[in-house]
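**Q** Structure incoming, see below.
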Amino acid sequence: MTVAIEKSQKPERTEAVEPAAPAEGARKVGRPMVIGAILVVWLVLFAVLRGKQTLPLAAADLTDLHRWINDFNDSVGADRNSNPLFLYFFNEIRLVIDNLVTFIQHLISQPSGARPVPQVGWLGVVGIAGYVSWAVGNWRVALLAVAGFTFFGLQGLWQESMDTLALTLSAVFVALLFAIPLGVWAGLSDRFNRIMTPFLDFMQTMPTFVYLAPLTLFFLIGGASATIATVIYAAPPTIRITAHAIRNVSKTTVEAAESLGATRRQSLLKVLLPMSKRTVVMGVNQTIMAALAMVTIAALINAPGLGVNVLQALQSLDVGTAFNAGLAIVVMAIVLDRVTTAASAREESARRSKNRFVKWRRPLLGAGAVVTAVLIHLSHTYLWAADFPGDGTIGHHIASAADTATNWAQDNLSGLTNAFRDTVTNGLLNPFQTLLTDSPWWLVGTVLVALGVVFGSWKAGVTTAVCVGLLVGTGVWSDGMTTLASTLVATVLVMVLGIVFGVWMGRSTLVDRLIRPTLDAAQVMPPFVYLVPFLALFGATRFTAIVAAIVYGAPVAMKIIADGIRAVPETTVEAATSAGCSTWQIITKVQLPMSRSALTLATNQGLIYVLSMVVVGGLVGAGALGYDVVAGFSQGELYGKGLAAGFAIVLLGVMFDRITQAAARRASA
């Protein structure tokens with residue numbers, strides 16, 4: 001009987017499995033063949049149609065759309081004080097935000113009224129920074145905060161640093177007022193979560209540059225526009241992470257509370273939020289980091305702070321000054337990151353701690369509060385405690401050392417750096433850029449749509465077609481293709497680095513422990529800062545923006561790929577090893593194929609990071625869309641073109657995001 005059953009089952013299993021294998025093989029072989037065919041047809045048509053219907057536009061030329069935007073901007077400016085929409089809505093919002101920013105500036109950075117110094121001087125601010133860091137974290141973080149804030153004064157950048165901090169705190173405060181309630185709502189309601197997700201995706205896809213131009217149309221340049229732009233850019237992480245935290249609270253715990261008679265409000269306040277506190281603090285950390293990055297970029301719209309120092313130094317190619325100010329931004333980012341990270345970690349440790357931990361900590365916190373109050377009083381009363389002493393000698397030394405290092409690098413490394421720059425530029429970037437900019441626009445659009453369908457899905461192809469059509473309508477097609485070329489070349493190099501180091505980290509716990517802290521620190525740095533060292537090495541060229549984009553985008557790709565490699569089951573690797581596979585075969589035949597979803601996700605994030613940095617590179621000679629946006633801020637007649645360029649950047653970001661996300665879903669299916 002057993003034999004008969006086995007015989008009857010064997011043919012069925014064979015019939016069920018064997019036909020599927022060729023289909024699977026055909027699918028895997030078919031996609032590369034289709035992509036290759038698309039590229040071959042593109043090259044053939046490029047050779048025939050080169051230079052035709054390329055939609056070129058000179059730097060000073062405008063389209064009808066750009067002139068219409070300029071006229072609309074002029075009409076908005078003329079009606080700003082008479083139109084009810086501005087009088088009772090936009091102007092009121094600007095006034096409230098301005099008052100908030102001004103209040104915090106008068107508190108810690110700007111002279112207040114008849115006082116020649118702020119209400120709280122440097123000694124009080126350092127005391128507050130140390131006390132808050134200790135209260136929410138630990139004594140090590142408090143020492144770091146005190147040292148970091150003191151360092152700003154020693155650099156001669158105390159007021160600029162406090163202006164940056166004031167804008168960051170204002171934006172974070174407003175962002176959290178909206179983000180945490182929206183995150184809770186998204187965590188409790190599936191419908192609202194589905195509604196919010198596309199908006200959050202869109203907001204996080206847009207590079208920082210893009211938020212600035214449209215907001216100046218309604219809120220003028222200055223601190224208010226910078227703060228509002230920062231709120232929009234920084235809020236999504238907290239919304240997402242708060243929703244995730246609420247959804248991950250154990251359902252049995254909530255059901256137990258409800259069975260004891262807890263109302264929905266009580267369940268939220270007594271169960272869901274307390275149990276989500278640690279994760280929500282992580283969201284606050286991400287919002288603070290995003291806010292700091294945006295505040296520095298907002299120097300383009302006359303926002304005060306360290307970003308102004310970096311921007312002016314980059315425009316005058318003053319590497320030393322840019323390095324000194326960039327170092328202050330990095331220090332501030334590290335301090336804010338460590339404080340919020342320590343606060344998140346302490347929530348976890350406090351939950352497991354004994355009562356004696358609370359008993360000795362409370363008296364010390366009380367004593368620390370008294371000391372901090374004394375420091376605040378001294379800084380409010382005495383000039384020596386309010387105005388940071390010294391003339392920033394350390395900052396001058398840092399700038400001088402950076403200039404010396406720059407001169408040495410240019411004198412001794414120019415042969416190597418120029419050779420590297422020319423190899424990548426002439427061998428990879430220029431041919432690809434020529435292919436994109438000299439092909440007819442409809443041919444490039446057709447290729448992009450076809451690749452969107454092949455890599456992603458038909459929905460991604462439709463999204464790509466819409467983006468291509470709108471990109472043509474912006475009138476900056478040629479500059480868009482130049483930006484696209486730089487972005488894709490930089491992304492390819494990011495993925496090369498990501499795979500090499502990601503595989504190394506994924507296969508070695510020791511290497512991961514050594515490299516990951518550096519990657520975490522690199523992700524804390526705002527985009528502005530990455531331009532400074534490469535400006536010293538490569539000068540003001542588009543290659544500077546590409547290298548900065550590679551360094552900016554590589555850390556996230558490395559971490560995602562490392563996690564994907566580590567997620568491959570050890571039993572699978574051991575089976576391949578026992579079958580006689582070499583290390584190279586295990587990596588290429590087992591671990592990388594089984595990490596396809598991680599590779600596609602790394603490509604998605606790498607593209608978004610790279611696009612953001614390539615656009616910022618418009619400040620140092622990268623040209624294309626980034627230059628159009630910057631020129632739109634500085635030259636009134638180019639405002640319309642700059643706004644159109646910003647929209648073109650959004651279209652490229654959406655197109656990249658939709659294709660790579662669809663590819664990631666297909667890889668994980």
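In the structure tokens, the first chain shown is A, the next is B, and so on; residue numbers restart at 1 for each chain, and ligands run from 1 in the order shown.
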Which parts of region 32-171 of chain A does DSSP call alpha helix (DSSP H) when run on the backbone here, written out as a PyMOL selection string?
**A** chain A and resi 32-49+64-79+84-85+91-108+122-136+139-154+158-171
**Q** Name all residues at most 8 Å from Gly626 (chain A) (count only C-alpha atoms; drop same-chain ones fewer than 3 positions away) and give them as number ranges by chain.
**A** A: 614-619, 622-623, 629-630, 645
**Q** Could you save the residues just selected, with C-alpha atoms, as an mmCIF file, in the first residue's frame?
**A**
```cif
data_model
loop_
_atom_site.group_PDB
_atom_site.id
_atom_site.type_symbol
_atom_site.label_atom_id
_atom_site.label_comp_id
_atom_site.auth_asym_id
_atom_site.auth_seq_id
_atom_site.Cartn_x
_atom_site.Cartn_y
_atom_site.Cartn_z
ATOM 1 C CA VAL A 614 24.061 66.322 -6.619
ATOM 2 C CA VAL A 615 21.520 69.124 -6.499
ATOM 3 C CA VAL A 616 23.275 70.812 -3.562
ATOM 4 C CA GLY A 617 26.413 70.571 -5.681
ATOM 5 C CA GLY A 618 25.005 73.433 -7.744
ATOM 6 C CA LEU A 619 26.732 75.635 -5.146
ATOM 7 C CA ALA A 622 27.852 71.206 -10.590
ATOM 8 C CA GLY A 623 25.522 73.217 -12.816
ATOM 9 C CA VAL A 629 17.577 76.631 -8.265
ATOM 10 C CA VAL A 630 20.438 78.647 -6.726
ATOM 11 C CA ALA A 645 13.960 73.349 -11.842
#
```
**Q** Mind giving me the straight-line distance from CA of Ala402 (chain A) to CA of Ala313 (chain A) in Å, one decimal?
**A** 12.7 Å
**Q** Suppose you want the space between CA of Gly77 (chain A) and CA of Trp477 (chain A); what is it in Å?
**A**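 Result for CA of Gly77 (chain A) versus CA of Trp477 (chain A): 28.7 Å, one decimal.
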**Q** Which of these, A:Trp134, A:Trp139, A:Phe218, A:Phe538, has the shortest distance to Asn407 (chain A) once you count only C-alpha atoms?
**A**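 Looking only at the distances to Asn407 (chain A), the closest residue turns out to be A:Phe538.
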**Q** Quick one: residues within 10 Å of Val174 (chain A), only C-alpha atoms counted, chain neighbours fewer than 5 positions away excluded, as a list in words?
**A** Ile97, Leu100, Leu169, Ala179, Thr227, Ile228, Thr230, Val231, Ile232 and Ala235 of chain A
**Q** I'd like the neighbourhood of Thr150 (chain A) as a list in words, where a residue qualifies if any of its atoms comes within 7 Å (using only C-alpha atoms), though same-chain residues fewer than 4 positions away should be ignored.
**A** Val126, Val146 and Leu154 of chain A
**Q** Counting only C-alpha atoms, figure out which residue out of A:Ala142, A:Val117, A:Ala293, A:Ile246 gets nearest to Pro274 (chain A).
**A**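 Selected residue with least distance to Pro274 (chain A): A:Ile246.
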**Q** Find the residues near Ala521 (chain A): any atom within 10 Å, counting only C-alpha atoms, skip ones fewer than 3 places away on the same chain, and give them as a PyMOL selection string.
**A** chain A and resi 330+333-334+337+516-518+524-525+555
**Q** Would you save the residues of that selection, restricted to N, CA, C and O atoms, as a compact mmCIF listing (two decimals), in the first residue's frame?
**A**
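See selection-v3.txt below for the written result:
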```
# COMPACT_ATOMS: atom_id res chain seq x y z
N VAL A 330 28.95 69.91 12.31
CA VAL A 330 29.13 68.49 12.64
C VAL A 330 29.08 68.28 14.15
O VAL A 330 28.44 67.34 14.65
N ALA A 333 25.58 68.53 15.34
CA ALA A 333 24.82 67.34 14.96
C ALA A 333 25.16 66.17 15.87
O ALA A 333 24.26 65.42 16.29
N ILE A 334 26.44 65.99 16.18
CA ILE A 334 26.85 64.87 17.04
C ILE A 334 26.26 65.04 18.44
O ILE A 334 25.75 64.08 19.04
N ASP A 337 22.51 64.45 18.36
CA ASP A 337 22.25 63.03 18.12
C ASP A 337 22.53 62.19 19.36
O ASP A 337 21.74 61.32 19.73
N ARG A 516 30.58 50.33 11.39
CA ARG A 516 29.23 50.89 11.56
C ARG A 516 29.21 52.21 12.34
O ARG A 516 28.46 53.12 11.96
N PRO A 517 29.98 52.38 13.42
CA PRO A 517 29.96 53.69 14.09
C PRO A 517 30.36 54.85 13.17
O PRO A 517 29.80 55.94 13.26
N THR A 518 31.33 54.60 12.29
CA THR A 518 31.73 55.64 11.34
C THR A 518 30.59 55.95 10.37
O THR A 518 30.34 57.12 10.04
N VAL A 524 24.90 61.45 10.26
CA VAL A 524 24.48 62.57 11.09
C VAL A 524 24.84 63.90 10.43
O VAL A 524 24.16 64.91 10.61
N MET A 525 25.90 63.92 9.62
CA MET A 525 26.40 65.17 9.04
C MET A 525 25.42 65.72 7.99
O MET A 525 24.96 64.98 7.12
N PRO A 555 27.06 55.33 2.97
CA PRO A 555 26.80 54.72 4.29
C PRO A 555 25.46 54.00 4.38
O PRO A 555 25.38 52.89 4.91
```
**Q** Using only C-alpha atoms, which of A:Val44, A:Gly51, A:Pro527, A:Gly137 sits nearest Thr208 (chain A)?
**A** A:Pro527
**Q** Write out as a PyMOL selection string each polymer residue whose atoms come within 7 Å of Phe219 (chain A), counting only C-alpha atoms; drop sequence neighbours fewer than 3 positions from it.
**A** chain A and resi 90+94+215-216+224-225
**Q** Selected residues, all heavy atoms, written as a PDB file, in the first residue's frame, please.
**A**
```
ATOM      1  N   PHE A  90      -1.570  83.394   5.294  1.00  0.00           N
ATOM      2  CA  PHE A  90      -0.119  83.252   5.134  1.00  0.00           C
ATOM      3  C   PHE A  90       0.654  84.246   5.999  1.00  0.00           C
ATOM      4  O   PHE A  90       1.640  83.884   6.652  1.00  0.00           O
ATOM      5  CB  PHE A  90       0.276  83.417   3.661  1.00  0.00           C
ATOM      6  CG  PHE A  90      -0.189  82.297   2.779  1.00  0.00           C
ATOM      7  CD1 PHE A  90      -1.073  82.539   1.739  1.00  0.00           C
ATOM      8  CD2 PHE A  90       0.236  81.001   2.994  1.00  0.00           C
ATOM      9  CE1 PHE A  90      -1.515  81.505   0.921  1.00  0.00           C
ATOM     10  CE2 PHE A  90      -0.194  79.956   2.183  1.00  0.00           C
ATOM     11  CZ  PHE A  90      -1.081  80.213   1.148  1.00  0.00           C
ATOM     12  N   ARG A  94       3.212  83.387   9.054  1.00  0.00           N
ATOM     13  CA  ARG A  94       4.584  83.927   9.066  1.00  0.00           C
ATOM     14  C   ARG A  94       4.845  84.719  10.339  1.00  0.00           C
ATOM     15  O   ARG A  94       5.929  84.626  10.936  1.00  0.00           O
ATOM     16  CB  ARG A  94       4.813  84.799   7.827  1.00  0.00           C
ATOM     17  CG  ARG A  94       6.197  85.422   7.755  1.00  0.00           C
ATOM     18  CD  ARG A  94       6.477  85.959   6.360  1.00  0.00           C
ATOM     19  NE  ARG A  94       5.520  86.970   5.976  1.00  0.00           N
ATOM     20  CZ  ARG A  94       5.640  88.275   6.250  1.00  0.00           C
ATOM     21  NH1 ARG A  94       6.705  88.700   6.923  1.00  0.00           N
ATOM     22  NH2 ARG A  94       4.735  89.130   5.855  1.00  0.00           N
ATOM     23  N   LEU A 215       8.118  78.061  -0.910  1.00  0.00           N
ATOM     24  CA  LEU A 215       7.728  78.675   0.352  1.00  0.00           C
ATOM     25  C   LEU A 215       8.059  80.159   0.392  1.00  0.00           C
ATOM     26  O   LEU A 215       7.350  80.949   1.028  1.00  0.00           O
ATOM     27  CB  LEU A 215       8.406  77.946   1.518  1.00  0.00           C
ATOM     28  CG  LEU A 215       7.828  76.551   1.794  1.00  0.00           C
ATOM     29  CD1 LEU A 215       8.665  75.827   2.832  1.00  0.00           C
ATOM     30  CD2 LEU A 215       6.387  76.643   2.266  1.00  0.00           C
ATOM     31  N   THR A 216       9.141  80.546  -0.277  1.00  0.00           N
ATOM     32  CA  THR A 216       9.456  81.980  -0.321  1.00  0.00           C
ATOM     33  C   THR A 216       8.390  82.754  -1.088  1.00  0.00           C
ATOM     34  O   THR A 216       8.212  83.961  -0.866  1.00  0.00           O
ATOM     35  CB  THR A 216      10.826  82.217  -0.976  1.00  0.00           C
ATOM     36  OG1 THR A 216      10.817  81.689  -2.321  1.00  0.00           O
ATOM     37  CG2 THR A 216      11.924  81.551  -0.182  1.00  0.00           C
ATOM     38  N   ALA A 224      11.238  82.709   8.918  1.00  0.00           N
ATOM     39  CA  ALA A 224       9.925  82.057   8.899  1.00  0.00           C
ATOM     40  C   ALA A 224       9.862  80.997   7.806  1.00  0.00           C
ATOM     41  O   ALA A 224       9.448  79.852   8.052  1.00  0.00           O
ATOM     42  CB  ALA A 224       8.823  83.094   8.704  1.00  0.00           C
ATOM     43  N   SER A 225      10.260  81.368   6.585  1.00  0.00           N
ATOM     44  CA  SER A 225      10.257  80.389   5.484  1.00  0.00           C
ATOM     45  C   SER A 225      11.184  79.226   5.790  1.00  0.00           C
ATOM     46  O   SER A 225      10.860  78.061   5.509  1.00  0.00           O
ATOM     47  CB  SER A 225      10.687  81.062   4.176  1.00  0.00           C
ATOM     48  OG  SER A 225       9.704  81.947   3.731  1.00  0.00           O
TER      49      SER A 225
END
```
**Q** Neighbours of region 249-256 of chain A within 7 Å (only C-alpha atoms; same-chain residues fewer than 3 positions away dropped), as a list in words?
**A** Ala245, Ile246, Ser259, Leu260, Ser267, Val271, Leu272 and Met275 of chain A
**Q** Just checking: using only C-alpha atoms, which residue out of A:Val184, A:Val449, A:Val120, A:Leu306 ends up closest to Ile376 (chain A)?
**A**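 Smallest separation from Ile376 (chain A) among the options: A:Val120.
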